Amino acid sequence: MRMVLMTAVLLTIAAPALAQGGGGMLERLAMADVNRDGAITRAEVRTAREQGFRRVDANSDGFITADEREQMAAAAAAKGRGKGGEGGAGGAAGGGADANGDGKVSRDEFLNSPMRGFDRLDSNNNDVVEASEIEMARSFMARRKQVTP
């Protein structure tokens with residue numbers, strides 16, 4: 001459930017630039033490419049996470065609570081973005097981001113949670129998801145869609 005909610009958070013900051021054949025993870029990473037150079041750096045993803053945190057932390061208390069996550073998911077669903085889906089910010093509002101188990105996610109927990117999607121795409125581990133890596137992911141996802149009914 002937490003991963004679904006985080007995905008919805010990420011979708012609220014995602015641009016559709018990589019949507020064609022790319023799947024949700026690529027959509028979310030696209031928003032992080034603020035300079036639109038076709039490559040997404042770890043720093044760009046961190047900036048996107050900071051913006052996402054501020055957006056979801058509706059009362060600006062420095063924590064994302066279950067109520068705030070639910071409100072964000074409902075807003076995303078109302079905008080036709082489904083219940084959510086991880087990237088640029090990679091599972092930060094849920095999926096283990098609540099490191100101390102207090103039921104809410106602090107800014108530090110959010111920003112420092114693993115960037116699983118980014119790390120998966122950064123195949124050469126240079127802290128940049130390059131256009132070639134994005135294209136490889138698109139191709140993989142397209143092939144997978146052809147095989148999966």
# chains A, B, ... in the order shown; residues from 1 in each chain; ligands from 1
>>> select_by_dssp(residues="region 33-149 of chain A", states="strand (DSSP E or B)", output="list of chain:residue names")
A:Ile40, A:Thr41, A:Phe63, A:Ile64, A:Val105, A:Ser106, A:Val128, A:Val129
>>> closest_residue(among="A:Val56, A:Ala142, A:Leu111, A:Val105", to="Ala75 (chain A)", atoms="only C-alpha atoms")
A:Val56
>>> residues_around(residues="Phe63 (chain A)", least_positions_apart="4", cutoff="8 Å", atoms="only C-alpha atoms", output="count of residues only")
5
>>> residues_around(residues="Met136 (chain A)", least_positions_apart="3", cutoff="12 Å", atoms="only C-alpha atoms", output="ChimeraX atom specification")
/A:21-22,26,120-123,129-133,139-143
>>> residues_around(residues="Asp33 (chain A)", least_positions_apart="5", cutoff="8 Å", atoms="only C-alpha atoms", output="ChimeraX atom specification")
/A:38-41,44-45
>>> closest_residue(among="A:Asn100, A:Ala32, A:Arg42, A:Phe53", to="Asp119 (chain A)", atoms="only C-alpha atoms")
A:Arg42
>>> residues_around(residues="Ala99 (chain A)", least_positions_apart="4", cutoff="10 Å", atoms="only C-alpha atoms", output="PyMOL selection string")
chain A and resi 94-95+103-106+108-110+112-113
>>> write_last_selection(atoms="C-alpha atoms", output="PDB file, in the first residue's frame")
ATOM      1  CA  GLY A  94       6.341   4.509   1.396  1.00  0.00           C
ATOM      2  CA  GLY A  95       7.964   1.191   0.664  1.00  0.00           C
ATOM      3  CA  GLY A 103       3.919   6.013  11.084  1.00  0.00           C
ATOM      4  CA  LYS A 104       4.996   9.155   9.266  1.00  0.00           C
ATOM      5  CA  VAL A 105       7.782  10.004   6.854  1.00  0.00           C
ATOM      6  CA  SER A 106      10.117  12.864   7.721  1.00  0.00           C
ATOM      7  CA  ASP A 108      15.120  13.266   5.790  1.00  0.00           C
ATOM      8  CA  GLU A 109      13.540   9.805   5.524  1.00  0.00           C
ATOM      9  CA  PHE A 110      11.891  10.852   2.266  1.00  0.00           C
ATOM     10  CA  ASN A 112      17.357   9.606   1.841  1.00  0.00           C
ATOM     11  CA  SER A 113      15.264   6.584   0.894  1.00  0.00           C
TER      12      SER A 113
END
>>> decode(residues="region 28-142 of chain A", atoms="C-alpha atoms", output="PDB file, in the first residue's frame")
ATOM      1  CA  ARG A  28       8.298   9.901 -13.210  1.00  0.00           C
ATOM      2  CA  LEU A  29      11.949  10.256 -14.074  1.00  0.00           C
ATOM      3  CA  ALA A  30      11.107  12.536 -17.002  1.00  0.00           C
ATOM      4  CA  MET A  31       9.923  15.247 -14.645  1.00  0.00           C
ATOM      5  CA  ALA A  32      13.269  15.237 -12.893  1.00  0.00           C
ATOM      6  CA  ASP A  33      15.073  16.203 -16.114  1.00  0.00           C
ATOM      7  CA  VAL A  34      14.670  19.913 -15.420  1.00  0.00           C
ATOM      8  CA  ASN A  35      17.230  21.059 -17.989  1.00  0.00           C
ATOM      9  CA  ARG A  36      15.618  18.793 -20.642  1.00  0.00           C
ATOM     10  CA  ASP A  37      18.936  17.460 -21.870  1.00  0.00           C
ATOM     11  CA  GLY A  38      17.636  13.892 -22.082  1.00  0.00           C
ATOM     12  CA  ALA A  39      19.812  12.714 -19.188  1.00  0.00           C
ATOM     13  CA  ILE A  40      18.627  12.550 -15.586  1.00  0.00           C
ATOM     14  CA  THR A  41      21.187  13.025 -12.843  1.00  0.00           C
ATOM     15  CA  ARG A  42      20.930  11.835  -9.263  1.00  0.00           C
ATOM     16  CA  ALA A  43      20.941  15.524  -8.238  1.00  0.00           C
ATOM     17  CA  GLU A  44      17.944  16.212 -10.486  1.00  0.00           C
ATOM     18  CA  VAL A  45      16.062  13.320  -8.905  1.00  0.00           C
ATOM     19  CA  ARG A  46      16.877  14.631  -5.438  1.00  0.00           C
ATOM     20  CA  THR A  47      15.515  18.061  -6.410  1.00  0.00           C
ATOM     21  CA  ALA A  48      12.333  16.411  -7.708  1.00  0.00           C
ATOM     22  CA  ARG A  49      12.026  14.528  -4.421  1.00  0.00           C
ATOM     23  CA  GLU A  50      12.318  17.768  -2.472  1.00  0.00           C
ATOM     24  CA  GLN A  51       9.551  19.324  -4.558  1.00  0.00           C
ATOM     25  CA  GLY A  52       7.417  16.209  -4.181  1.00  0.00           C
ATOM     26  CA  PHE A  53       7.845  16.230  -0.430  1.00  0.00           C
ATOM     27  CA  ARG A  54       6.726  19.844  -0.188  1.00  0.00           C
ATOM     28  CA  ARG A  55       3.720  19.089  -2.375  1.00  0.00           C
ATOM     29  CA  VAL A  56       2.560  16.126  -0.294  1.00  0.00           C
ATOM     30  CA  ASP A  57       3.341  17.685   3.118  1.00  0.00           C
ATOM     31  CA  ALA A  58       0.104  19.679   2.953  1.00  0.00           C
ATOM     32  CA  ASN A  59       0.389  21.206   6.421  1.00  0.00           C
ATOM     33  CA  SER A  60       4.135  21.927   6.054  1.00  0.00           C
ATOM     34  CA  ASP A  61       5.005  20.273   9.360  1.00  0.00           C
ATOM     35  CA  GLY A  62       8.011  18.410   7.940  1.00  0.00           C
ATOM     36  CA  PHE A  63       6.262  15.019   7.862  1.00  0.00           C
ATOM     37  CA  ILE A  64       4.117  13.086   5.423  1.00  0.00           C
ATOM     38  CA  THR A  65       1.335  11.358   7.317  1.00  0.00           C
ATOM     39  CA  ALA A  66      -1.036   8.625   6.207  1.00  0.00           C
ATOM     40  CA  ASP A  67      -3.791  11.242   5.810  1.00  0.00           C
ATOM     41  CA  GLU A  68      -1.594  13.346   3.526  1.00  0.00           C
ATOM     42  CA  ARG A  69      -0.670  10.289   1.461  1.00  0.00           C
ATOM     43  CA  GLU A  70      -4.340   9.360   1.118  1.00  0.00           C
ATOM     44  CA  GLN A  71      -5.262  12.910   0.077  1.00  0.00           C
ATOM     45  CA  MET A  72      -2.518  12.912  -2.518  1.00  0.00           C
ATOM     46  CA  ALA A  73      -3.571   9.512  -3.874  1.00  0.00           C
ATOM     47  CA  ALA A  74      -7.191  10.635  -4.115  1.00  0.00           C
ATOM     48  CA  ALA A  75      -6.147  13.811  -5.948  1.00  0.00           C
ATOM     49  CA  ALA A  76      -4.024  11.793  -8.377  1.00  0.00           C
ATOM     50  CA  ALA A  77      -6.905   9.387  -9.007  1.00  0.00           C
ATOM     51  CA  ALA A  78      -9.278  12.293  -9.596  1.00  0.00           C
ATOM     52  CA  LYS A  79      -6.910  13.636 -12.243  1.00  0.00           C
ATOM     53  CA  GLY A  80      -6.961  10.299 -14.045  1.00  0.00           C
ATOM     54  CA  ARG A  81      -3.560   9.178 -12.815  1.00  0.00           C
ATOM     55  CA  GLY A  82      -4.896   6.013 -11.262  1.00  0.00           C
ATOM     56  CA  LYS A  83      -4.116   4.991  -7.737  1.00  0.00           C
ATOM     57  CA  GLY A  84      -0.480   5.653  -8.311  1.00  0.00           C
ATOM     58  CA  GLY A  85       2.238   3.714  -9.362  1.00  0.00           C
ATOM     59  CA  GLU A  86       7.809   4.834  -8.031  1.00  0.00           C
ATOM     60  CA  GLY A  87      12.198   7.223 -10.052  1.00  0.00           C
ATOM     61  CA  GLY A  88      12.535   9.838  -9.901  1.00  0.00           C
ATOM     62  CA  ALA A  89      11.787   9.748  -6.227  1.00  0.00           C
ATOM     63  CA  GLY A  90      11.827   5.989  -5.962  1.00  0.00           C
ATOM     64  CA  GLY A  91       9.460   4.804  -3.245  1.00  0.00           C
ATOM     65  CA  ALA A  92      10.232   7.553  -0.805  1.00  0.00           C
ATOM     66  CA  ALA A  93       6.769   8.183   0.701  1.00  0.00           C
ATOM     67  CA  GLY A  94       6.341   4.509   1.396  1.00  0.00           C
ATOM     68  CA  GLY A  95       7.964   1.191   0.664  1.00  0.00           C
ATOM     69  CA  GLY A  96      10.172   1.381   3.726  1.00  0.00           C
ATOM     70  CA  ALA A  97      10.798   5.148   3.830  1.00  0.00           C
ATOM     71  CA  ASP A  98       9.474   5.315   7.385  1.00  0.00           C
ATOM     72  CA  ALA A  99      12.853   4.231   8.742  1.00  0.00           C
ATOM     73  CA  ASN A 100      12.024   4.753  12.423  1.00  0.00           C
ATOM     74  CA  GLY A 101       8.557   3.169  12.200  1.00  0.00           C
ATOM     75  CA  ASP A 102       6.679   6.112  13.708  1.00  0.00           C
ATOM     76  CA  GLY A 103       3.919   6.013  11.084  1.00  0.00           C
ATOM     77  CA  LYS A 104       4.996   9.155   9.266  1.00  0.00           C
ATOM     78  CA  VAL A 105       7.782  10.004   6.854  1.00  0.00           C
ATOM     79  CA  SER A 106      10.117  12.864   7.721  1.00  0.00           C
ATOM     80  CA  ARG A 107      11.796  15.012   5.096  1.00  0.00           C
ATOM     81  CA  ASP A 108      15.120  13.266   5.790  1.00  0.00           C
ATOM     82  CA  GLU A 109      13.540   9.805   5.524  1.00  0.00           C
ATOM     83  CA  PHE A 110      11.891  10.852   2.266  1.00  0.00           C
ATOM     84  CA  LEU A 111      15.007  12.350   0.691  1.00  0.00           C
ATOM     85  CA  ASN A 112      17.357   9.606   1.841  1.00  0.00           C
ATOM     86  CA  SER A 113      15.264   6.584   0.894  1.00  0.00           C
ATOM     87  CA  PRO A 114      16.721   4.406  -1.881  1.00  0.00           C
ATOM     88  CA  MET A 115      16.328   5.515  -5.490  1.00  0.00           C
ATOM     89  CA  ARG A 116      15.536   2.011  -6.721  1.00  0.00           C
ATOM     90  CA  GLY A 117      14.107   2.988 -10.105  1.00  0.00           C
ATOM     91  CA  PHE A 118      16.981   5.346 -10.828  1.00  0.00           C
ATOM     92  CA  ASP A 119      19.537   2.757  -9.747  1.00  0.00           C
ATOM     93  CA  ARG A 120      17.916   0.092 -11.954  1.00  0.00           C
ATOM     94  CA  LEU A 121      18.110   2.331 -15.006  1.00  0.00           C
ATOM     95  CA  ASP A 122      21.644   3.632 -14.348  1.00  0.00           C
ATOM     96  CA  SER A 123      23.252   0.522 -15.807  1.00  0.00           C
ATOM     97  CA  ASN A 124      26.781   1.973 -15.920  1.00  0.00           C
ATOM     98  CA  ASN A 125      26.549   3.378 -12.365  1.00  0.00           C
ATOM     99  CA  ASN A 126      27.675   6.888 -13.284  1.00  0.00           C
ATOM    100  CA  ASP A 127      24.838   8.602 -11.387  1.00  0.00           C
ATOM    101  CA  VAL A 128      23.217   9.668 -14.663  1.00  0.00           C
ATOM    102  CA  VAL A 129      20.358   7.923 -16.441  1.00  0.00           C
ATOM    103  CA  GLU A 130      21.351   8.658 -20.003  1.00  0.00           C
ATOM    104  CA  ALA A 131      19.169   8.675 -23.101  1.00  0.00           C
ATOM    105  CA  SER A 132      20.597   5.309 -24.171  1.00  0.00           C
ATOM    106  CA  GLU A 133      19.637   3.758 -20.823  1.00  0.00           C
ATOM    107  CA  ILE A 134      16.139   5.191 -21.116  1.00  0.00           C
ATOM    108  CA  GLU A 135      15.807   3.768 -24.625  1.00  0.00           C
ATOM    109  CA  MET A 136      16.994   0.348 -23.413  1.00  0.00           C
ATOM    110  CA  ALA A 137      14.305   0.454 -20.708  1.00  0.00           C
ATOM    111  CA  ARG A 138      11.635   1.481 -23.228  1.00  0.00           C
ATOM    112  CA  SER A 139      12.614  -1.387 -25.524  1.00  0.00           C
ATOM    113  CA  PHE A 140      12.565  -3.870 -22.660  1.00  0.00           C
ATOM    114  CA  MET A 141       9.124  -2.701 -21.541  1.00  0.00           C
ATOM    115  CA  ALA A 142       7.759  -2.828 -25.085  1.00  0.00           C
TER     116      ALA A 142
END
